[in-house]
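Engineer: There's a structure below that I have some questions on.
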Amino acid sequence: MRIAVCLKEVIDARLPLKVDMSAGRIIPTSLESRSILNPADRAALDSAMRLKEQKQATRVEAFSVCGVEGQEALWYSLARGADYAERLGLPIAGAPYTAAALALRLAVGEFDLICCGDETLDNSSAVVGPLLAELMDLPQVTSVVRVRECTETSIVVERGLERGHRELVEMELPGLLTLKPDSAEPHYVSFRRLQEVHTRSIPVRQFELSSADTGLIWPKEAKFAPPRARVKKAFTPDARMSPAERMRTIMAGGLAPQEANSKSPIIEGDPEYVAEQLFRFLKHHEFV
Amino acid sequence: MQEVTRQIEWNVASWMLAFLYIGSFLALFLSAWRLCRRVSVWRKGCPADIRISLGRALKNVADWTVNRSRMPRDRFAATMHSLILWGFIILLIGTTLVFLEHQTPLHFYYGNFYLIASTILELGGIAFLAGLSMAVYRRHSDRKSSLKPSKLIDGMLYLLIAIGVTGFVVEGFRISVSLPAFEKVSFVGYGLALAARRMFSPIMVPRLHQAFWVVHAALCIAFFAAGTLYFMRHVILSMTTVALQPTRAHGTLRSYAFPTTAETMGSVTTISWKDLLDGDACTTCGRCSSVCPATTAGKALDPRQIVLKLSNLVDRNIAGANDKCSTAFDTISDRELWDCTTCGACVYECPVNIEVYDKIIDLRRQLVDAGRISSGARLSLEGLKQRQNPWDYDPSQRVTWAEGLKVPVFDETPSAVPPESAEWIYWVGCAGAFEPSAQSITKSMISLLRKANVSFVTLGCKERCTGDPARRLGDEALFQSFKNKNLETLRASRVKKIVTHCPHCLNTFKNEYQNHEGEFTVIHHSQLLNTLVKEGKLQFANDGGSKAITFHDPCYLGRHNGEFDAPRDLVKVVPGNQLVEMKRSRDRSFCCGGGGGQMWLESSGQQRIEGLRLAEAVDTGARVLATACPFCKIMLESASTTAGHQDLIQIKDIAEILNEAAKP
């Protein structure tokens, strides 16, 4: 079985960004040398490698649509044990183009399984995987939290749903998975292995994606209109709020605080009191 | 007058002699063959980083023989072992003399020489038996729990006792035949001879002599045959480990560059031949385990077992030469390896200089290379890789502690302090920069340096981890990269003297950045402060009362770098402070549980090491527990919070104690 993994190097969003207050923009130097392999992509790579370690897969190949600055992710994949890594050069940015380039490349690889990250830390559009599956006409399972078992012809995965629910899905192969960041226990790659692969050059394939190319892969009847992320007013925590108020606001979807007699009560008080109330609640609903 | 000598091989028939010589030869051959098989396995091991001259090796052995090295750390065991060893050597020399007299043309065994030699041999025999009796007592009284019950060792002891006793009995029968007055020098034999005369008829004596002679010979042959079995190997092999005693400083980990693959991981080819030899040379005394903080706290690690399991690996390799699957990881669990705090107590305690924790780190290196590490270790190593600190803090937060303090920072910007003007670099370290309870050490240190008018500079955001956690968690290449980058920064600053309050940073700079010989001077803040106090640059006022203070020796300051007195002097320099010692102090200090990467690893086992140490400090009745390491402070503070001892005892760095009492 051959597995393709799609990777992306992203800005580490867990570190605070330096913002130029007067211009209202991020100071570009604060973004230097803080890129990391997207955590969900890392989980995709780790899941693929685990299948290889279990002798389910014979070959794992990694691909990334990026510039030279993004090939650290590909080196990482080689250090992690991938058999091959390739960079796809693309002059246009955007999830649909990325998906198109990947579709053109992966169509010739005879892959049985394609593993993508569920979403990236930077844009969080979560569309490259699904678009790729559609373009390649493959079945897909999104938001996978665990790969259960895998055979030559099918794969069984757990899919993460809202509120902690899980869905057990079996998919025929070839197919595509998009994996959540915590779907695989991260594997540590020693510095020696990283240093070793850095001497290897990463092959590059350039894609122009002219209108002729896109015509090849996008259905003729579909008008090529890439979906665009729409940013709503996001919830911004207010330091003046008490934790309970903040909870109410978040649960109300960022609108006005909920009424006190709503279905999910919010308890406020010292830890002993809160714990007792929580216990009563659980006991009342026969959880304990 | 009868000549003062003895008739050698009196009453010994030729068949008895043949039995002795042929039996001994076969037994020694068996032993040698057994040893050769082990040597062939050691030779499969990877190269060991040992560069030692023959002269140095001989000097090591001589030193060990005269000073007994670390043996006297356990008085009873040292006395016992000395008696057995010297008794054995004397008897061996005596037997050789008899052999030379009889089998070579040399003729010397008469007259005064004979009298003196007989007396010494008699004393040797008594010492031998006395030592063995002590050994039996030690194994059967429950005095030392570190000893492993072993039928083989017990058997060996009784065998040696039997050899000693039958030797005396044979001598007694020999003397009893003519009972010459000069034989009184062999006082035990003479006494036995008198008894034999009274008990047996003169016809019986030669027969009994023959019988006991054969028994004595048979026992000796049995001893020769068992000479290279299990723990008895130490008789020969511990000499080699003593001779090959590492020349590097105590705190220096050896380098290891033997890339392993999934196939070879843990096999003999990935373990240095010295480690395999060490395993075989182990005396199984268990003194390493008796002082190991992890073993004491009931964790999975037992350092003696690590050493013995490597010996077991050699056994398994001999048993199944074609079975390539036998690896060290079959018997050594990952948990055991991750429990080590690298405190070095085991190495300090080992009577035959076995490098115990280096083996653990080497195996960790293999685990790390295979990615088999716990999430705590992984997060710490990735934090080091991406953010240059093991806590995974945002690197730009490295200087937040200095806000408002106007601390001189070396920077490449021209407006900053010109570094050449500073005498010292104050290396803050990751703990001192990020961890709140260690930040107070840094601030106290800044205040003290200012009070003493020391010109210093800090490196601000140019500082990064020294690589100590990376190295001890097993990522050697990552450590090397930190080493290169840090040396670059330090060279760029053009300051030659470094002071740090972190013993781990100190140890890394001093012992592990070997390239910088003479390039930088690195000292611990306790040493600098001690000098400043002696020069009169720091003065202290009494805050009124007297305080009992106990001092916890950080492993990386004390055991690994030999500094025990500077921090103690500092504690005593403040008027009113009284130093009380804990049960385990100085080079016998008990680790705080934070070294060797334990700060970031998940704790396992029944008890927490830091809790045990804190309890010891509380037992002294001191109100303040002083230490000289940010890691110790963090660990002991967490133990104090867990135990609810915050009101009972305060944990402070010596810099904090001094700063509170220092006059402006």
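Letters A, B, ... mark the chains of the structure tokens in the order given; residue numbers begin at 1 per chain; ligand numbers begin at 1, in order shown.
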Compile a residue-level contact table for chain B against chain A at a cut-off of 12 Å, reporting for every qualifying residue the shortest atom pair and its distance in Å to one decimal, with only C-alpha atoms counted, rows ordered by chain and ascending number, as JSON lines.
Structural biologist:
```
{"residue": "B:Tyr256", "atom": "CA", "partner": "A:Arg192", "partner_atom": "CA", "distance": 11.8}
{"residue": "B:Ala257", "atom": "CA", "partner": "A:Arg192", "partner_atom": "CA", "distance": 9.6}
{"residue": "B:Phe258", "atom": "CA", "partner": "A:Arg192", "partner_atom": "CA", "distance": 10.7}
{"residue": "B:Pro259", "atom": "CA", "partner": "A:Arg192", "partner_atom": "CA", "distance": 8.6}
{"residue": "B:Thr260", "atom": "CA", "partner": "A:Arg193", "partner_atom": "CA", "distance": 10.7}
{"residue": "B:Thr261", "atom": "CA", "partner": "A:Arg193", "partner_atom": "CA", "distance": 11.0}
{"residue": "B:Ala262", "atom": "CA", "partner": "A:Glu53", "partner_atom": "CA", "distance": 10.4}
{"residue": "B:Arg364", "atom": "CA", "partner": "A:Ser190", "partner_atom": "CA", "distance": 11.6}
{"residue": "B:Arg365", "atom": "CA", "partner": "A:Ser190", "partner_atom": "CA", "distance": 9.2}
{"residue": "B:Gln366", "atom": "CA", "partner": "A:Ser190", "partner_atom": "CA", "distance": 9.9}
{"residue": "B:Leu367", "atom": "CA", "partner": "A:Ser190", "partner_atom": "CA", "distance": 9.7}
{"residue": "B:Val368", "atom": "CA", "partner": "A:Ser190", "partner_atom": "CA", "distance": 6.2}
{"residue": "B:Asp369", "atom": "CA", "partner": "A:Ser190", "partner_atom": "CA", "distance": 5.3}
{"residue": "B:Ala370", "atom": "CA", "partner": "A:Val189", "partner_atom": "CA", "distance": 7.7}
{"residue": "B:Gly371", "atom": "CA", "partner": "A:Tyr188", "partner_atom": "CA", "distance": 4.7}
{"residue": "B:Arg372", "atom": "CA", "partner": "A:Tyr188", "partner_atom": "CA", "distance": 7.5}
{"residue": "B:Ile373", "atom": "CA", "partner": "A:Tyr188", "partner_atom": "CA", "distance": 7.1}
{"residue": "B:Ser374", "atom": "CA", "partner": "A:Tyr188", "partner_atom": "CA", "distance": 9.1}
{"residue": "B:Ser375", "atom": "CA", "partner": "A:Pro186", "partner_atom": "CA", "distance": 8.0}
{"residue": "B:Gly376", "atom": "CA", "partner": "A:Tyr188", "partner_atom": "CA", "distance": 10.9}
{"residue": "B:Ala377", "atom": "CA", "partner": "A:Tyr188", "partner_atom": "CA", "distance": 9.0}
{"residue": "B:Arg378", "atom": "CA", "partner": "A:Tyr188", "partner_atom": "CA", "distance": 5.9}
{"residue": "B:Leu379", "atom": "CA", "partner": "A:Tyr188", "partner_atom": "CA", "distance": 8.8}
{"residue": "B:Ser380", "atom": "CA", "partner": "A:Tyr188", "partner_atom": "CA", "distance": 10.5}
{"residue": "B:Leu381", "atom": "CA", "partner": "A:Tyr188", "partner_atom": "CA", "distance": 8.4}
{"residue": "B:Glu382", "atom": "CA", "partner": "A:Tyr188", "partner_atom": "CA", "distance": 7.9}
{"residue": "B:Gly383", "atom": "CA", "partner": "A:Tyr188", "partner_atom": "CA", "distance": 11.6}
{"residue": "B:Leu384", "atom": "CA", "partner": "A:Phe191", "partner_atom": "CA", "distance": 10.6}
{"residue": "B:Lys385", "atom": "CA", "partner": "A:Phe191", "partner_atom": "CA", "distance": 8.2}
{"residue": "B:Gln386", "atom": "CA", "partner": "A:Arg34", "partner_atom": "CA", "distance": 7.5}
{"residue": "B:Arg387", "atom": "CA", "partner": "A:Arg34", "partner_atom": "CA", "distance": 8.6}
{"residue": "B:Gln388", "atom": "CA", "partner": "A:Arg34", "partner_atom": "CA", "distance": 11.7}
{"residue": "B:Asp392", "atom": "CA", "partner": "A:Leu15", "partner_atom": "CA", "distance": 10.3}
{"residue": "B:Tyr393", "atom": "CA", "partner": "A:Leu15", "partner_atom": "CA", "distance": 8.8}
{"residue": "B:Asp394", "atom": "CA", "partner": "A:Leu15", "partner_atom": "CA", "distance": 6.2}
{"residue": "B:Pro395", "atom": "CA", "partner": "A:Leu15", "partner_atom": "CA", "distance": 9.1}
{"residue": "B:Ser396", "atom": "CA", "partner": "A:Pro16", "partner_atom": "CA", "distance": 9.1}
{"residue": "B:Gln397", "atom": "CA", "partner": "A:Pro16", "partner_atom": "CA", "distance": 10.0}
{"residue": "B:Ala470", "atom": "CA", "partner": "A:Phe191", "partner_atom": "CA", "distance": 9.9}
{"residue": "B:Arg471", "atom": "CA", "partner": "A:Phe191", "partner_atom": "CA", "distance": 11.2}
{"residue": "B:Leu473", "atom": "CA", "partner": "A:Ser190", "partner_atom": "CA", "distance": 10.9}
{"residue": "B:Gly474", "atom": "CA", "partner": "A:Ser190", "partner_atom": "CA", "distance": 9.0}
{"residue": "B:Asp475", "atom": "CA", "partner": "A:Ser190", "partner_atom": "CA", "distance": 6.3}
{"residue": "B:Glu476", "atom": "CA", "partner": "A:Arg192", "partner_atom": "CA", "distance": 7.8}
{"residue": "B:Ala477", "atom": "CA", "partner": "A:Arg192", "partner_atom": "CA", "distance": 5.2}
{"residue": "B:Leu478", "atom": "CA", "partner": "A:Phe191", "partner_atom": "CA", "distance": 5.3}
{"residue": "B:Phe479", "atom": "CA", "partner": "A:Phe191", "partner_atom": "CA", "distance": 8.9}
{"residue": "B:Gln480", "atom": "CA", "partner": "A:Phe191", "partner_atom": "CA", "distance": 9.7}
{"residue": "B:Ser481", "atom": "CA", "partner": "A:Phe191", "partner_atom": "CA", "distance": 8.9}
{"residue": "B:Phe482", "atom": "CA", "partner": "A:Phe191", "partner_atom": "CA", "distance": 11.2}
```
Engineer: Per DSSP on the backbone, what are the strand (DSSP E or B) residues of range 16-239 of chain A, as a ChimeraX atom specification?
Structural biologist: /A:19-20,25-26,35-37,59-65,84-89,113-117,140-150,154-160,166-172,175-179,204-206
Engineer: If you measure from CA of Leu194 in chain B to CA of Glu122 in chain B, what distance in Å do you get, rounded to one decimal?
Structural biologist: 16.3 Å
Engineer: Considering only C-alpha atoms, give me a table of residues in range 4-65 of chain A that are at most 6 Å from range 109-115 of chain A, with the closest atom pair and distance in Å for each, as a Markdown table.
Structural biologist:
```
| residue | atom | partner | partner_atom | distance |
| --- | --- | --- | --- | --- |
| A:Ala4 | CA | A:Ile114 | CA | 4.7 |
| A:Val5 | CA | A:Cys115 | CA | 4.8 |
| A:Ala44 | CA | A:Cys115 | CA | 5.5 |
```
Engineer: Mind listing the alpha helix (DSSP H) residues of range 5-166 of chain A, per DSSP on the backbone, as a PyMOL selection string?
Structural biologist: chain A and resi 39-53+72-80+95-106+128-136
Engineer: Skip range 166-177 of chain A itself and residues of its chain fewer than 4 positions away, then list as a PDB file with C-alpha atoms, in the first residue's frame all residues within 10 Å of it, counting only C-alpha atoms.
Structural biologist:
```pdb
ATOM      1  CA  MET A   1       0.000   0.000   0.000  1.00  0.00           C
ATOM      2  CA  ARG A   2       1.276   3.452  -0.897  1.00  0.00           C
ATOM      3  CA  ILE A   3       0.397   6.502   1.168  1.00  0.00           C
ATOM      4  CA  ALA A   4       0.721  10.158   0.174  1.00  0.00           C
ATOM      5  CA  VAL A   5       0.853  12.777   2.905  1.00  0.00           C
ATOM      6  CA  ALA A  44      -1.325  12.906   9.275  1.00  0.00           C
ATOM      7  CA  GLU A 110      -1.137   5.303  -7.720  1.00  0.00           C
ATOM      8  CA  PHE A 111      -1.664   6.032  -4.064  1.00  0.00           C
ATOM      9  CA  ASP A 112      -4.004   3.875  -2.023  1.00  0.00           C
ATOM     10  CA  LEU A 113      -4.404   6.400   0.742  1.00  0.00           C
ATOM     11  CA  ILE A 114      -3.944  10.154   0.961  1.00  0.00           C
ATOM     12  CA  CYS A 115      -3.524  11.674   4.412  1.00  0.00           C
ATOM     13  CA  CYS A 116      -4.060  15.404   4.904  1.00  0.00           C
ATOM     14  CA  GLY A 117      -4.231  17.563   7.977  1.00  0.00           C
ATOM     15  CA  ASP A 118      -7.731  18.539   8.989  1.00  0.00           C
ATOM     16  CA  GLY A 129      -8.396  17.914   1.746  1.00  0.00           C
ATOM     17  CA  PRO A 130     -12.062  17.763   0.697  1.00  0.00           C
ATOM     18  CA  LEU A 132      -8.514  17.262  -3.354  1.00  0.00           C
ATOM     19  CA  ALA A 133     -10.754  14.242  -2.804  1.00  0.00           C
ATOM     20  CA  GLU A 134     -13.429  15.707  -5.055  1.00  0.00           C
ATOM     21  CA  MET A 136      -9.474  13.098  -7.693  1.00  0.00           C
ATOM     22  CA  ASP A 137     -12.890  11.523  -7.377  1.00  0.00           C
ATOM     23  CA  LEU A 138     -11.954   9.657  -4.185  1.00  0.00           C
ATOM     24  CA  PRO A 139     -14.046   8.808  -1.115  1.00  0.00           C
ATOM     25  CA  GLN A 140     -13.065  10.861   1.914  1.00  0.00           C
ATOM     26  CA  VAL A 141     -13.449  10.970   5.681  1.00  0.00           C
ATOM     27  CA  THR A 142     -12.821  14.309   7.377  1.00  0.00           C
ATOM     28  CA  SER A 143     -11.931  15.140  10.995  1.00  0.00           C
ATOM     29  CA  VAL A 144     -10.471  11.736  11.756  1.00  0.00           C
ATOM     30  CA  VAL A 145      -9.409  11.381  15.379  1.00  0.00           C
ATOM     31  CA  ARG A 146      -8.060   7.849  15.219  1.00  0.00           C
ATOM     32  CA  VAL A 147      -7.093   5.295  12.621  1.00  0.00           C
ATOM     33  CA  ARG A 148      -8.404   1.994  13.932  1.00  0.00           C
ATOM     34  CA  GLU A 149      -7.448  -0.657  11.437  1.00  0.00           C
ATOM     35  CA  CYS A 150      -6.383  -0.889   7.887  1.00  0.00           C
ATOM     36  CA  THR A 151      -6.375  -3.608   5.255  1.00  0.00           C
ATOM     37  CA  GLU A 152      -5.397  -3.639   1.601  1.00  0.00           C
ATOM     38  CA  THR A 153      -8.861  -2.608   0.498  1.00  0.00           C
ATOM     39  CA  SER A 154     -10.415  -0.645   3.333  1.00  0.00           C
ATOM     40  CA  ILE A 155      -9.686   1.459   6.379  1.00  0.00           C
ATOM     41  CA  VAL A 156     -11.651   1.903   9.612  1.00  0.00           C
ATOM     42  CA  VAL A 157     -11.381   5.278  11.327  1.00  0.00           C
ATOM     43  CA  GLU A 158     -13.013   7.215  14.137  1.00  0.00           C
ATOM     44  CA  ARG A 159     -14.404  10.530  13.140  1.00  0.00           C
ATOM     45  CA  GLY A 160     -14.727  13.353  15.642  1.00  0.00           C
ATOM     46  CA  LEU A 161     -18.142  14.967  15.810  1.00  0.00           C
ATOM     47  CA  GLU A 162     -19.417  17.892  17.833  1.00  0.00           C
TER      48      GLU A 162
END
```
